[in-house]
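Q: Dropping the structure in here first, questions after.
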Amino acid sequence: MSARGALTLVAPLAGWSGPLAEAPDEVFANRMLGDGVAIDPTAGTLFAPCDGEVLVLPATRHAVTLRAAAGCEILLHIGIDTVALAGEGFEAHTRQGAQVRTGDALVSFDLDLLARRAKSVLTPVIVTADSQFRILTQSVRRAVAVGDFLMELEPHAATRSSTPAASTAASTAAAPAVRRLTVRFEHGIHARPAALLAAALKPLAADVRIVARGREANARSTVALMGLGVQRGDEIEIRAAGPDAANAVSALAAAFAAPAAPADTPGTARKVSVRVMPPAPAAAPGELAGVIASAGLALGPAVQLRRPEIEVAEAGIGVAEEDAALDRARAAVRARLERRANAEAETQPAREIAAAHLELLDDPELVSAARGAIALGKSAAFAWRAAVRTGAATLQSLEDPRLRERVDDLLDLETQVLAALQGATAVPGTALPEKAIVVARELLPSQLVALDGARVAGVALAAGGPTSHASILAAAMGIPALVALGPAVLAVADGTPLVLDAGRGVLEIDPGEARLAAVRATVSARAARRASLEAAAQRECRTADGTRIEVFANIGSVSEAQAAVRNGAEGCGLLRTEFLFLERQAPPTESEQAAEYQKIANVLGTRPLTIRTLDAGGDKPIPYLPLPAEDNPALGLRGVRTSLAYPQLLRTQLRAVLAVRPSASCRVLLPMISDVDEIHAVRALLEQLSEELGLRELPSVGVMVETPASAVLADRIAAVADFLSIGTNDLTQYTLAMDRGNPQLAARLDALHPAVLRLIARAAEGARAHRRHAAVCGSLASEPLAAPVLVGLGVHELSAVPAMIPLLKERIGSVSLAECRALAQQALQADSAADVRALATAAVPRAAAVSP
Ligand code: PEP
Ligand code: MG
C-alpha cells in the first residue's frame, strides 16, 4: 500500500496489456465481474500481482482469486473458456488458503495447448466488482514484463458496504450499462466537451469508457477523450461498470446532449474555442502572411522569445521518492492554477484556461502513464514528460486542427510541472522593452501570462493556430496576434521594427519610417476611440434626442456579472439560472440557489437583477432532471412547462429568489410562455410562498416572448405580466421553423427577418397598451446594427452580452428616436433579413463604422 491508501498491482504475466473490453467474452468485456485489463501472454506462468491470500483456486486451476491485505479481491483468469479444459495443461504452485507474496508463481500453463484449444489466451486481471476498490491508473496498450507496474487501486468509499466481500468472482457481477449514441457536438469531442463529459462523471464512482472509431478511452480523461478524434455525427458507445453504472451512463448521455457552448454568448469564453478565421492572402515582399488569432493593429520592435528547454535525468532515485516528488510538483502547480482560475483580476478566458489546465493536471491517463514509468525506475520529471508527450503525439496525429492546438496546453503543463519539480515557484517571465512585438515559434499560455501585458504590443508566432489557448488569451488581453507565420519570422533580428496588421493578416518587416508613422497615428486614434467608448459605457444610455433606453446584460455566472458591471451594464435583463448548476447531478437546494443568486446580486449592487426560472429541456437538457425522451424536444417539455410539470423544483427556485436582497432589485422572468394560464399558475405559487415567508412585496413577474403564440397574444399577456422580454433566439427558430442548432440553417436563421420584426412590433405594442416595459434579451439585442431598429419598434431595454454594451450605448446615442422609428417602419416593409441588414447598415454614420 502506498501512502495514500492505494494498492499497486504488478503484471502477473509477461505479454501485451490491453483493455478488458477487448476480451472476446461479454462477461469480461462488459466488466460484469469487475474492471481490469486483459493480458495477451507470451509465457506460461502466472505470478502473484500483490501480496495476499489465495481465496479461490478451483480444481480446474484455470483461475485464481487473491485477496490482498486491505480486502481487495483480484481475479486472474487464464484464457477464455478455459474451464472446459478441466485442468488439462495447468499446474498449480500454490493452494487455496495459502498466503503469497508479490511475484510468487501461482499457476503454470501450457500456452501452446491453450492457443490451440481455448477460445482465447487473453488473461483478464480483474479487480472484482464488489471488492470496494477502484482502478485509479492502469498500464494498458503496452508490453509488460512480470513485475512491471500494472494498476494502482484505491479504496472506493462510495461502494463500501458494512460486510466485507468474501465472494468469489462468479458471484461478484454488477450490472454494467451500455448505451450507443451519435455525437452532436459541433466540433466533435474537442477540449470543452471532453472536459464537460469528464466533469459529469465526477460525483459518480463507475468506471466509464467511451468506445469510438475502434478505440476506447477512459471517459474521465480529457486527454484520452480528445485522442479518440471523435467528430460530429460519429456513433459512440458508452460502457459503464460499477455500482452506479446506470447513473453514469445517464449522466454522460445528458452531457452528450448538452450544448458544448451555450448559445448567445459571442465574445465570451464559452465560445472562444470555435473562433476560426480564414488565412490571409499571399504576402507582398517584406511581409509575412499569417492567420489572425486576435484582430488589431500594432507596431514595435521584434523580441524573440524561446521556450525554456528543461533538462531532466532519466533514472529515478526510487519509486516512492519519485512518486512523492511528482505529487508535490503537481500540488504546487495545482495551487497556482487554482489561484488563477479563481482570481477576479484575471480575464474570463484566463480563468477558464487555468481551469482547463487543472483538468489536464489530474487527467487519470496522464497520471497513470507517469506512475507507470516511475514504477519502471524513471525519474518523476522523465516520466511526466514522457506521459505528456505521448498524449501530445496522439493529439498531434489527429486531423482536427482544434484538437492539434490542444498540444500546446499539454506542453505548457509539462513545462509547469517540470519547473515545479526543479523547485521553481513560477514560470519565469521575460523582460521586454516598451511595446514589443513578441516573436516565437509558439507561445504557451503560461508564458503569455508571465509576460508584462502592458509591454506587449503584439504577438507574432511561426506556428500555432487561432483557437490555441495562447491565441485566446491574447484576444482576451486585447493584444493583436498573428499565428502560422512560418519559420521565416524566426529569422527576424531582435529590434527590427515591425507592423503587425491583424486585420489584413500580415506582418510587415521594417516597412520604413513613413509607414511606421502612419500606423502609429492609426493606433493612437483607435486607442482614443476605445477610451471614449469605455467612458461612454459608464454613462446612462439615451438616444441622440434624449430618450432613455436601458442597456442591461445577459449573464450566467458571477464572473459574467463582474464583466457586465465593468462594461457599463445598467442591470441584468436575463440571468440564465440553468447555467449556474450545469454540471450537477442533483438539483441545487434552496440555499445553494439563494447563495449563487445573492453573489450575483452583490456584484450588481442596486442594479436590477432579472432571474429567469429554470429554462430546462429542448437544447438545454439538465443532468439532474432526466426528462422523458421526446421526438421533438424543441416543441416539448421546455421552459415554464417543465417548471410547472415539476412544481417542487419551481417552489424551491422561487423561494430562493425571494431570499435575495435587496428584494426591490429582483425580478422574476418566465421562459417559453404560450398563454396567460401559465402566468397565473406561477403567480399563485409566488403569492403562496410569499405568504409562507411573511413577505409583503412580491417581485415583478415578467414574461419571455419567445413563441409566436406569446407575441400574437402580447396584448393579453401584458395585462397579467409586469413586463415583457423578447427572446429573439427562440422566437426566430419558432417563427422561421428553423432549428437554432442546425448548422446548415445557421446563415438563414436571422432575427432581423421581417416576420420576426413584425412579431417584435406586436409584442412591443401589447406592452405599450398596458404601459409595460418591453425588453429584448435574445442575441439580436447584442447587435449594434439592430439596436436602432429595435428602439424604433418600441423596445425600452436591451439585454446583451457584456462585451457589446459599450458599442450598443454608442450606437443608440448616435441616433434620434425619430430616425429609429423611420428605420423600423422601413424594416417592417422589407422582404428579407438581408434587406433589413442593408437598410440598417446604410443608417450607420461613418464615424461609428470605424472599428475601435
Ligand atoms: C431567447 O430564446 O432569445 C433567449 C434569450 O433564451 P435562450 O437563448 O436562453 O433560450
Ligand atoms: Mg429562449
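Chain labels follow the order of the C-alpha cells: the first chain is A, the next B, and so on; residue numbering restarts at 1 in every chain, and ligands are counted from 1 in their shown order.
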Which residues are near ligand 1 in this structure, taking near to mean any atom at most 10 Å from a ligand atom and counting only C-alpha atoms and all ligand atoms? Format them as a compact mmCIF listing (two decimals) with C-alpha atoms, in the first residue's frame.
A:
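To be explicit, this is the file written out as part.txt:
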```
# COMPACT_ATOMS: atom_id res chain seq x y z
CA PRO A 262 -24.25 27.69 -24.61
CA ALA A 263 -25.88 29.78 -27.28
CA ASP A 264 -25.99 33.55 -27.40
CA THR A 265 -22.61 34.26 -25.92
CA ASN A 554 -27.33 38.67 -20.02
CA GLY A 556 -24.90 33.08 -16.50
CA GLY A 573 -32.01 41.57 -18.03
CA LEU A 574 -31.57 37.81 -18.09
CA LEU A 575 -29.90 35.54 -15.57
CA ARG A 576 -29.89 32.11 -17.16
CA THR A 577 -30.22 30.10 -13.96
CA GLU A 578 -29.83 26.79 -15.76
CA PHE A 579 -26.17 27.66 -16.40
CA ARG A 612 -35.25 33.65 -15.18
CA LEU A 614 -35.19 27.26 -14.98
CA ASP A 615 -35.28 27.02 -18.77
CA ALA A 616 -34.71 23.28 -18.98
CA GLY A 617 -35.49 20.97 -21.85
CA GLY A 618 -35.09 21.34 -25.58
CA ASP A 619 -31.48 22.16 -26.42
CA LYS A 620 -30.75 22.62 -22.72
CA ARG A 638 -39.43 23.22 -22.17
CA GLY A 639 -39.10 26.36 -20.10
CA PRO A 671 -39.41 31.37 -20.20
CA MET A 672 -41.43 29.88 -23.08
CA MET A 704 -40.43 35.97 -22.19
CA VAL A 705 -41.92 36.42 -25.61
CA GLU A 706 -40.22 33.64 -27.50
CA THR A 707 -43.10 31.74 -29.04
CA SER A 725 -38.78 40.40 -22.54
CA ILE A 726 -38.45 39.19 -26.11
CA GLY A 727 -36.25 36.13 -26.58
CA THR A 728 -35.32 36.52 -30.20
CA ASN A 729 -33.32 33.27 -30.32
CA ASP A 730 -36.32 31.05 -29.79
CA LEU A 731 -38.78 33.47 -31.35
CA THR A 732 -36.72 33.27 -34.56
CA GLN A 733 -36.45 29.48 -34.55
CA TYR A 734 -40.18 29.05 -34.00
CA ARG A 740 -31.43 27.12 -33.83
CA ALA A 751 -33.63 37.56 -36.21
CA VAL A 776 -35.20 42.25 -25.83
CA CYS A 777 -32.86 39.68 -24.31
CA GLY A 778 -32.19 37.38 -27.27
CA SER A 779 -28.98 37.63 -29.28
CA LEU A 780 -30.41 40.35 -31.50
CA ALA A 781 -30.06 42.74 -28.55
CA SER A 799 -30.11 42.95 -22.54
CA ALA A 800 -26.89 41.95 -24.25
```
Q: Skipping near chain neighbours, those fewer than 2 positions away, what residues fall within 12 Å of A:Ala145 using only C-alpha atoms, listed as a ChimeraX atom specification?
A: /A:10-17,39-43,45-47,49,103,139,142-143,147-150,376
Q: For a quick check of understanding, using only C-alpha atoms and all ligand atoms, which of A:Leu790, A:Leu695, A:Leu670, A:Val801 has the smallest distance to ligand 2?
A: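 The answer is A:Leu670, which sits nearest to ligand 2.
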Q: Which residue, A:Cys572, A:Ala664, A:Val703, A:Val844, has the smallest gap to ligand 2 when you use only C-alpha atoms and all ligand atoms?
A: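 Among A:Cys572, A:Ala664, A:Val703, A:Val844, it is A:Val703 that comes nearest to ligand 2.
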Q: Which residues are close to A:Ala293, i.e. within 7 Å by only C-alpha atoms, leaving aside same-chain residues fewer than 3 positions away? Reply as an MDAnalysis selection string.
A: chainID A and resid 466 471 481:483
Q: For the helix (DSSP H, G or I) assignment from backbone DSSP, which residues of stretch 496-531 of chain A qualify? Please present them as a short mmCIF file (atom, residue, chain, number, x, y, z; two decimals) with all heavy atoms, in the first residue's frame.
A:
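Output saved as states13.cif:
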```
data_model
loop_
_atom_site.label_atom_id
_atom_site.label_comp_id
_atom_site.auth_asym_id
_atom_site.auth_seq_id
_atom_site.Cartn_x
_atom_site.Cartn_y
_atom_site.Cartn_z
N GLU A 513 10.02 54.41 -42.42
CA GLU A 513 9.53 55.39 -41.45
C GLU A 513 8.14 55.92 -41.79
O GLU A 513 7.32 56.12 -40.90
CB GLU A 513 10.57 56.53 -41.31
CG GLU A 513 10.41 57.38 -40.04
CD GLU A 513 9.99 56.58 -38.77
OE1 GLU A 513 10.65 55.59 -38.38
OE2 GLU A 513 8.95 56.97 -38.18
N ALA A 514 7.86 56.13 -43.10
CA ALA A 514 6.56 56.73 -43.46
C ALA A 514 5.43 55.80 -43.03
O ALA A 514 4.44 56.24 -42.41
CB ALA A 514 6.52 56.97 -44.97
N ARG A 515 5.58 54.53 -43.34
CA ARG A 515 4.54 53.56 -42.97
C ARG A 515 4.42 53.47 -41.44
O ARG A 515 3.31 53.43 -40.89
CB ARG A 515 4.89 52.19 -43.58
CG ARG A 515 4.04 51.04 -43.12
CD ARG A 515 2.63 51.06 -43.69
NE ARG A 515 1.88 49.89 -43.25
CZ ARG A 515 0.58 49.88 -42.97
NH1 ARG A 515 -0.13 51.00 -43.10
NH2 ARG A 515 -0.02 48.78 -42.59
N LEU A 516 5.56 53.45 -40.75
CA LEU A 516 5.53 53.36 -39.29
C LEU A 516 4.77 54.55 -38.70
O LEU A 516 3.97 54.40 -37.78
CB LEU A 516 6.95 53.31 -38.71
CG LEU A 516 7.71 51.99 -38.94
CD1 LEU A 516 9.16 52.12 -38.46
CD2 LEU A 516 7.03 50.83 -38.22
N ALA A 517 5.01 55.75 -39.28
CA ALA A 517 4.35 56.95 -38.76
C ALA A 517 2.84 56.86 -38.97
O ALA A 517 2.05 57.19 -38.08
CB ALA A 517 4.92 58.19 -39.43
N ALA A 518 2.44 56.38 -40.15
CA ALA A 518 1.00 56.26 -40.44
C ALA A 518 0.35 55.27 -39.48
O ALA A 518 -0.74 55.51 -38.95
CB ALA A 518 0.80 55.82 -41.89
N VAL A 519 1.02 54.14 -39.26
CA VAL A 519 0.44 53.13 -38.37
C VAL A 519 0.37 53.68 -36.94
O VAL A 519 -0.63 53.48 -36.23
CB VAL A 519 1.28 51.82 -38.42
CG1 VAL A 519 0.82 50.83 -37.35
CG2 VAL A 519 1.17 51.19 -39.80
N ARG A 520 1.44 54.40 -36.54
CA ARG A 520 1.45 54.98 -35.19
C ARG A 520 0.20 55.87 -35.01
O ARG A 520 -0.48 55.80 -33.99
CB ARG A 520 2.72 55.81 -35.02
CG ARG A 520 3.25 55.77 -33.60
CD ARG A 520 4.64 56.42 -33.51
NE ARG A 520 5.72 55.51 -33.87
CZ ARG A 520 6.65 55.75 -34.79
NH1 ARG A 520 6.66 56.88 -35.48
NH2 ARG A 520 7.59 54.86 -35.05
N ALA A 521 -0.10 56.68 -36.04
CA ALA A 521 -1.25 57.60 -35.96
C ALA A 521 -2.56 56.81 -35.84
O ALA A 521 -3.43 57.12 -35.03
CB ALA A 521 -1.28 58.51 -37.17
N THR A 522 -2.69 55.75 -36.66
CA THR A 522 -3.93 54.94 -36.61
C THR A 522 -4.08 54.28 -35.25
O THR A 522 -5.17 54.25 -34.67
CB THR A 522 -3.91 53.84 -37.71
OG1 THR A 522 -3.54 54.46 -38.93
CG2 THR A 522 -5.23 53.14 -37.83
N VAL A 523 -2.97 53.72 -34.75
CA VAL A 523 -3.03 53.01 -33.46
C VAL A 523 -3.47 53.98 -32.37
O VAL A 523 -4.33 53.66 -31.54
CB VAL A 523 -1.66 52.37 -33.12
CG1 VAL A 523 -1.61 51.90 -31.68
CG2 VAL A 523 -1.39 51.20 -34.07
N SER A 524 -2.91 55.22 -32.38
CA SER A 524 -3.30 56.11 -31.28
C SER A 524 -4.73 56.62 -31.47
O SER A 524 -5.45 56.81 -30.48
CB SER A 524 -2.29 57.23 -31.03
OG SER A 524 -2.18 57.99 -32.19
N ALA A 525 -5.20 56.78 -32.73
CA ALA A 525 -6.60 57.19 -32.94
C ALA A 525 -7.55 56.10 -32.41
O ALA A 525 -8.56 56.39 -31.77
CB ALA A 525 -6.86 57.44 -34.42
N ARG A 526 -7.19 54.84 -32.68
CA ARG A 526 -8.05 53.74 -32.20
C ARG A 526 -8.06 53.68 -30.68
O ARG A 526 -9.08 53.41 -30.06
CB ARG A 526 -7.56 52.40 -32.77
CG ARG A 526 -7.87 52.25 -34.23
CD ARG A 526 -7.54 50.87 -34.70
NE ARG A 526 -7.70 50.74 -36.13
CZ ARG A 526 -7.48 49.63 -36.80
NH1 ARG A 526 -7.05 48.57 -36.18
NH2 ARG A 526 -7.66 49.59 -38.10
N ALA A 527 -6.88 53.92 -30.09
CA ALA A 527 -6.82 53.87 -28.61
C ALA A 527 -7.71 54.96 -28.03
O ALA A 527 -8.42 54.73 -27.04
CB ALA A 527 -5.38 54.04 -28.15
N ALA A 528 -7.71 56.13 -28.67
CA ALA A 528 -8.53 57.23 -28.16
C ALA A 528 -10.01 56.87 -28.27
O ALA A 528 -10.81 57.12 -27.37
CB ALA A 528 -8.23 58.51 -28.96
N ARG A 529 -10.37 56.21 -29.40
CA ARG A 529 -11.78 55.84 -29.59
C ARG A 529 -12.21 54.80 -28.55
O ARG A 529 -13.29 54.87 -27.99
CB ARG A 529 -11.98 55.31 -31.00
CG ARG A 529 -13.33 54.70 -31.24
CD ARG A 529 -13.77 54.88 -32.67
NE ARG A 529 -14.72 53.86 -33.06
CZ ARG A 529 -15.94 53.73 -32.58
NH1 ARG A 529 -16.36 54.56 -31.64
NH2 ARG A 529 -16.73 52.78 -33.00
N ARG A 530 -11.29 53.85 -28.30
CA ARG A 530 -11.60 52.83 -27.28
C ARG A 530 -11.82 53.49 -25.92
O ARG A 530 -12.76 53.18 -25.20
CB ARG A 530 -10.44 51.84 -27.19
CG ARG A 530 -10.88 50.41 -27.50
CD ARG A 530 -9.88 49.35 -27.18
NE ARG A 530 -8.49 49.74 -27.21
CZ ARG A 530 -7.69 49.66 -28.26
NH1 ARG A 530 -8.16 49.21 -29.41
NH2 ARG A 530 -6.42 50.00 -28.19
N ALA A 531 -10.93 54.45 -25.61
CA ALA A 531 -11.05 55.12 -24.31
C ALA A 531 -12.38 55.86 -24.21
O ALA A 531 -13.05 55.82 -23.17
CB ALA A 531 -9.87 56.08 -24.12
#
```
Q: Give the answer as one residue: which of A:Val668, A:Ala681, A:Arg539, A:Ile611 has the shortest atom-to-atom distance to A:Lys809, using only C-alpha atoms?
A: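 Residue with the minimum atom-to-atom distance to A:Lys809: A:Arg539.
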Q: Which residues are close to stretch 104-118 of chain A, i.e. within 7 Å by only C-alpha atoms, leaving aside same-chain residues fewer than 5 positions away? Reply as a ChimeraX atom specification.
A: /A:43-48,79-82,89-94
Q: Go ahead and dump the residues you just picked, N, CA, C and O atoms, as a PDB file, in the first residue's frame.
A:
```pdb
ATOM      1  N   ALA A  43       4.364 -15.935 -22.143  1.00  0.00           N
ATOM      2  CA  ALA A  43       4.996 -17.031 -21.409  1.00  0.00           C
ATOM      3  C   ALA A  43       3.946 -17.659 -20.511  1.00  0.00           C
ATOM      4  O   ALA A  43       2.933 -17.031 -20.204  1.00  0.00           O
ATOM      5  N   GLY A  44       4.192 -18.919 -20.087  1.00  0.00           N
ATOM      6  CA  GLY A  44       3.138 -19.697 -19.445  1.00  0.00           C
ATOM      7  C   GLY A  44       3.189 -19.786 -17.935  1.00  0.00           C
ATOM      8  O   GLY A  44       2.857 -20.838 -17.391  1.00  0.00           O
ATOM      9  N   THR A  45       3.577 -18.740 -17.236  1.00  0.00           N
ATOM     10  CA  THR A  45       3.472 -18.795 -15.776  1.00  0.00           C
ATOM     11  C   THR A  45       2.766 -17.557 -15.248  1.00  0.00           C
ATOM     12  O   THR A  45       3.071 -16.438 -15.668  1.00  0.00           O
ATOM     13  N   LEU A  46       1.839 -17.807 -14.350  1.00  0.00           N
ATOM     14  CA  LEU A  46       1.081 -16.721 -13.719  1.00  0.00           C
ATOM     15  C   LEU A  46       1.659 -16.493 -12.324  1.00  0.00           C
ATOM     16  O   LEU A  46       1.818 -17.437 -11.553  1.00  0.00           O
ATOM     17  N   PHE A  47       2.030 -15.209 -12.056  1.00  0.00           N
ATOM     18  CA  PHE A  47       2.622 -14.853 -10.759  1.00  0.00           C
ATOM     19  C   PHE A  47       1.653 -13.990  -9.956  1.00  0.00           C
ATOM     20  O   PHE A  47       0.717 -13.408 -10.536  1.00  0.00           O
ATOM     21  N   ALA A  48       1.919 -13.846  -8.675  1.00  0.00           N
ATOM     22  CA  ALA A  48       1.034 -13.015  -7.830  1.00  0.00           C
ATOM     23  C   ALA A  48       1.291 -11.539  -8.123  1.00  0.00           C
ATOM     24  O   ALA A  48       2.438 -11.098  -8.091  1.00  0.00           O
ATOM     25  N   GLY A  79      -6.793 -17.257 -19.800  1.00  0.00           N
ATOM     26  CA  GLY A  79      -7.511 -17.564 -21.041  1.00  0.00           C
ATOM     27  C   GLY A  79      -9.018 -17.439 -20.885  1.00  0.00           C
ATOM     28  O   GLY A  79      -9.536 -17.184 -19.795  1.00  0.00           O
ATOM     29  N   ILE A  80      -9.711 -17.616 -22.011  1.00  0.00           N
ATOM     30  CA  ILE A  80     -11.180 -17.506 -22.017  1.00  0.00           C
ATOM     31  C   ILE A  80     -11.753 -18.900 -22.284  1.00  0.00           C
ATOM     32  O   ILE A  80     -11.256 -19.625 -23.150  1.00  0.00           O
ATOM     33  N   ASP A  81     -12.795 -19.224 -21.554  1.00  0.00           N
ATOM     34  CA  ASP A  81     -13.459 -20.537 -21.641  1.00  0.00           C
ATOM     35  C   ASP A  81     -12.513 -21.693 -21.330  1.00  0.00           C
ATOM     36  O   ASP A  81     -12.670 -22.815 -21.834  1.00  0.00           O
ATOM     37  N   THR A  82     -11.520 -21.457 -20.505  1.00  0.00           N
ATOM     38  CA  THR A  82     -10.533 -22.499 -20.215  1.00  0.00           C
ATOM     39  C   THR A  82     -11.008 -23.475 -19.148  1.00  0.00           C
ATOM     40  O   THR A  82     -10.367 -24.492 -18.902  1.00  0.00           O
ATOM     41  N   GLY A  89      -3.329 -29.122 -18.864  1.00  0.00           N
ATOM     42  CA  GLY A  89      -2.389 -28.069 -19.269  1.00  0.00           C
ATOM     43  C   GLY A  89      -2.083 -27.090 -18.155  1.00  0.00           C
ATOM     44  O   GLY A  89      -1.280 -26.174 -18.338  1.00  0.00           O
ATOM     45  N   PHE A  90      -2.697 -27.221 -16.977  1.00  0.00           N
ATOM     46  CA  PHE A  90      -2.444 -26.290 -15.866  1.00  0.00           C
ATOM     47  C   PHE A  90      -1.748 -27.011 -14.704  1.00  0.00           C
ATOM     48  O   PHE A  90      -2.087 -28.152 -14.381  1.00  0.00           O
ATOM     49  N   GLU A  91      -0.791 -26.315 -14.082  1.00  0.00           N
ATOM     50  CA  GLU A  91      -0.146 -26.884 -12.905  1.00  0.00           C
ATOM     51  C   GLU A  91      -0.118 -25.818 -11.808  1.00  0.00           C
ATOM     52  O   GLU A  91       0.374 -24.708 -12.031  1.00  0.00           O
ATOM     53  N   ALA A  92      -0.638 -26.143 -10.640  1.00  0.00           N
ATOM     54  CA  ALA A  92      -0.694 -25.149  -9.549  1.00  0.00           C
ATOM     55  C   ALA A  92       0.598 -25.178  -8.744  1.00  0.00           C
ATOM     56  O   ALA A  92       1.160 -26.232  -8.504  1.00  0.00           O
ATOM     57  N   HIS A  93       1.057 -23.969  -8.345  1.00  0.00           N
ATOM     58  CA  HIS A  93       2.239 -23.890  -7.476  1.00  0.00           C
ATOM     59  C   HIS A  93       1.852 -23.410  -6.097  1.00  0.00           C
ATOM     60  O   HIS A  93       2.707 -23.092  -5.295  1.00  0.00           O
ATOM     61  N   THR A  94       0.573 -23.270  -5.857  1.00  0.00           N
ATOM     62  CA  THR A  94       0.097 -22.822  -4.552  1.00  0.00           C
ATOM     63  C   THR A  94      -1.205 -23.545  -4.264  1.00  0.00           C
ATOM     64  O   THR A  94      -1.632 -24.397  -5.066  1.00  0.00           O
TER      65      THR A  94
END
```
Q: With distances taken over only C-alpha atoms and all ligand atoms, which residue among A:His77, A:Glu399, A:Glu687, A:Thr613 lies nearest ligand 2?
A: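 Selected residue with least distance to ligand 2: A:Thr613.
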Q: Which of these residues is nearest to A:Ala212, using only C-alpha atoms: A:Ser294, A:Ser250, A:Gln231, A:Ser663?
A: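 The closest residue to A:Ala212 is A:Gln231.
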Q: Mind giving me the straight-line distance from atom CA of A:Gly505 to atom CA of A:Leu432 in Å, one decimal?
A: 23.8 Å
Q: Looking at only C-alpha atoms and all ligand atoms, which of A:Ala331, A:Val603, A:Ala634, A:Ala764 is the one that sits closest to ligand 2?
A: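 Using only C-alpha atoms and all ligand atoms, the shortest distance to ligand 2 belongs to A:Ala634.
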Q: Using only C-alpha atoms, which protein or nucleic acid residues come within 9 Å of A:Leu136? Drop anything in the same chain fewer than 2 positions from it, and give the result as a list in words.
A: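 Near A:Leu136, the qualifying residues are Ala6, Arg134, Gln138, Met151, Glu152, Leu153, Glu154, Pro364 and Ser368 of chain A.
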Q: Any chance you can output those residues with C-alpha atoms as a CSV table (one decimal), in the first residue's frame?
A:
```csv
chain,number,residue,atom,x,y,z
A,6,ALA,CA,-3.7,2.9,-2.7
A,134,ARG,CA,-11.4,1.0,-8.0
A,138,GLN,CA,-3.5,1.3,-15.2
A,151,MET,CA,-2.5,-0.8,-11.9
A,152,GLU,CA,-3.0,1.4,-9.0
A,153,LEU,CA,-6.2,0.9,-7.0
A,154,GLU,CA,-7.8,3.0,-4.3
A,364,PRO,CA,-6.1,10.0,-14.9
A,368,SER,CA,-1.3,6.7,-14.8
```
Q: Report, in Å with one decimal, the straight-line distance from atom CA of A:Ala474 to atom CA of A:Ala298.
A: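 About the pair atom CA of A:Ala474 and atom CA of A:Ala298: they are 12.9 Å apart.
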Q: Work out how far apart atom CA of A:Leu410 and atom CA of A:His357 are and give it in Å to one decimal.
A: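 Between these atoms lies a distance of 8.1 Å.
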Q: I'd like the contact shell of A:Glu73 - 8 Å cut-off, only C-alpha atoms, skipping same-chain residues fewer than 2 positions apart - returned as a JSON list (two decimals) with all heavy atoms, in the first residue's frame.
A:
```json
[["chain", "number", "residue", "atom", "x", "y", "z"],
["A", 65, "THR", "N", -8.29, -16.52, -7.50],
["A", 65, "THR", "CA", -8.77, -15.26, -6.91],
["A", 65, "THR", "C", -7.94, -15.01, -5.65],
["A", 65, "THR", "O", -7.83, -15.89, -4.79],
["A", 65, "THR", "CB", -10.25, -15.36, -6.52],
["A", 65, "THR", "OG1", -11.00, -15.72, -7.68],
["A", 65, "THR", "CG2", -10.76, -14.01, -6.01],
["A", 66, "LEU", "N", -7.31, -13.82, -5.62],
["A", 66, "LEU", "CA", -6.49, -13.44, -4.47],
["A", 66, "LEU", "C", -7.23, -12.40, -3.65],
["A", 66, "LEU", "O", -7.95, -11.58, -4.22],
["A", 66, "LEU", "CB", -5.19, -12.76, -4.95],
["A", 66, "LEU", "CG", -4.10, -13.61, -5.56],
["A", 66, "LEU", "CD1", -2.90, -12.71, -5.84],
["A", 66, "LEU", "CD2", -3.69, -14.72, -4.60],
["A", 67, "ARG", "N", -7.00, -12.43, -2.35],
["A", 67, "ARG", "CA", -7.49, -11.31, -1.55],
["A", 67, "ARG", "C", -6.28, -10.60, -0.96],
["A", 67, "ARG", "O", -5.52, -11.19, -0.21],
["A", 67, "ARG", "CB", -8.43, -11.76, -0.44],
["A", 67, "ARG", "CG", -8.89, -10.53, 0.35],
["A", 67, "ARG", "CD", -10.16, -10.76, 1.12],
["A", 67, "ARG", "NE", -10.02, -11.84, 2.06],
["A", 67, "ARG", "CZ", -11.07, -12.54, 2.55],
["A", 67, "ARG", "NH1", -12.28, -12.26, 2.16],
["A", 67, "ARG", "NH2", -10.88, -13.52, 3.40],
["A", 68, "ALA", "N", -6.11, -9.33, -1.35],
["A", 68, "ALA", "CA", -4.99, -8.55, -0.82],
["A", 68, "ALA", "C", -5.31, -8.13, 0.61],
["A", 68, "ALA", "O", -6.46, -8.21, 1.04],
["A", 68, "ALA", "CB", -4.77, -7.32, -1.70],
["A", 71, "GLY", "N", -8.36, -6.24, 1.68],
["A", 71, "GLY", "CA", -9.66, -6.81, 1.35],
["A", 71, "GLY", "C", -9.99, -6.76, -0.12],
["A", 71, "GLY", "O", -11.02, -7.27, -0.54],
["A", 75, "LEU", "N", -9.18, -11.19, -9.45],
["A", 75, "LEU", "CA", -9.38, -12.44, -10.18],
["A", 75, "LEU", "C", -8.40, -12.50, -11.34],
["A", 75, "LEU", "O", -8.32, -11.56, -12.15],
["A", 75, "LEU", "CB", -10.82, -12.48, -10.72],
["A", 75, "LEU", "CG", -11.10, -13.58, -11.75],
["A", 75, "LEU", "CD1", -11.03, -14.97, -11.14],
["A", 75, "LEU", "CD2", -12.48, -13.37, -12.39],
["A", 127, "VAL", "N", -10.18, -6.53, -10.94],
["A", 127, "VAL", "CA", -10.47, -6.09, -9.57],
["A", 127, "VAL", "C", -11.97, -6.35, -9.41],
["A", 127, "VAL", "O", -12.77, -5.71, -10.09],
["A", 127, "VAL", "CB", -10.18, -4.59, -9.40],
["A", 127, "VAL", "CG1", -10.46, -4.17, -7.97],
["A", 127, "VAL", "CG2", -8.74, -4.29, -9.80],
["A", 128, "THR", "N", -12.35, -7.28, -8.58],
["A", 128, "THR", "CA", -13.74, -7.72, -8.60],
["A", 128, "THR", "C", -14.69, -6.60, -8.21],
["A", 128, "THR", "O", -14.35, -5.73, -7.40],
["A", 128, "THR", "CB", -13.97, -8.96, -7.71],
["A", 128, "THR", "OG1", -13.64, -8.62, -6.41],
["A", 128, "THR", "CG2", -13.15, -10.12, -8.20],
["A", 131, "SER", "N", -15.38, -5.44, -4.59],
["A", 131, "SER", "CA", -14.28, -5.52, -3.64],
["A", 131, "SER", "C", -13.93, -4.17, -3.04],
["A", 131, "SER", "O", -12.93, -4.04, -2.36],
["A", 131, "SER", "CB", -13.06, -6.14, -4.29],
["A", 131, "SER", "OG", -12.48, -5.23, -5.19]]
```
Q: Could you name the residues that touch A:Leu204 at 7 Å or less, counting only C-alpha atoms, but leaving out those on the same chain fewer than 2 positions away, as a ChimeraX atom specification?
A: /A:201-202,206,244,248
Q: Keeping only C-alpha atoms, write those residues as a JSON list (two decimals), in the first residue's frame.
A:
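again-v8.json written:
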```json
[["chain", "number", "residue", "atom", "x", "y", "z"],
["A", 201, "LEU", "CA", -18.73, 11.79, -14.01],
["A", 202, "LYS", "CA", -17.05, 13.45, -11.05],
["A", 206, "ALA", "CA", -18.41, 3.88, -12.01],
["A", 244, "ASP", "CA", -23.72, 3.46, -10.21],
["A", 248, "ALA", "CA", -23.07, 7.23, -15.03]]
```
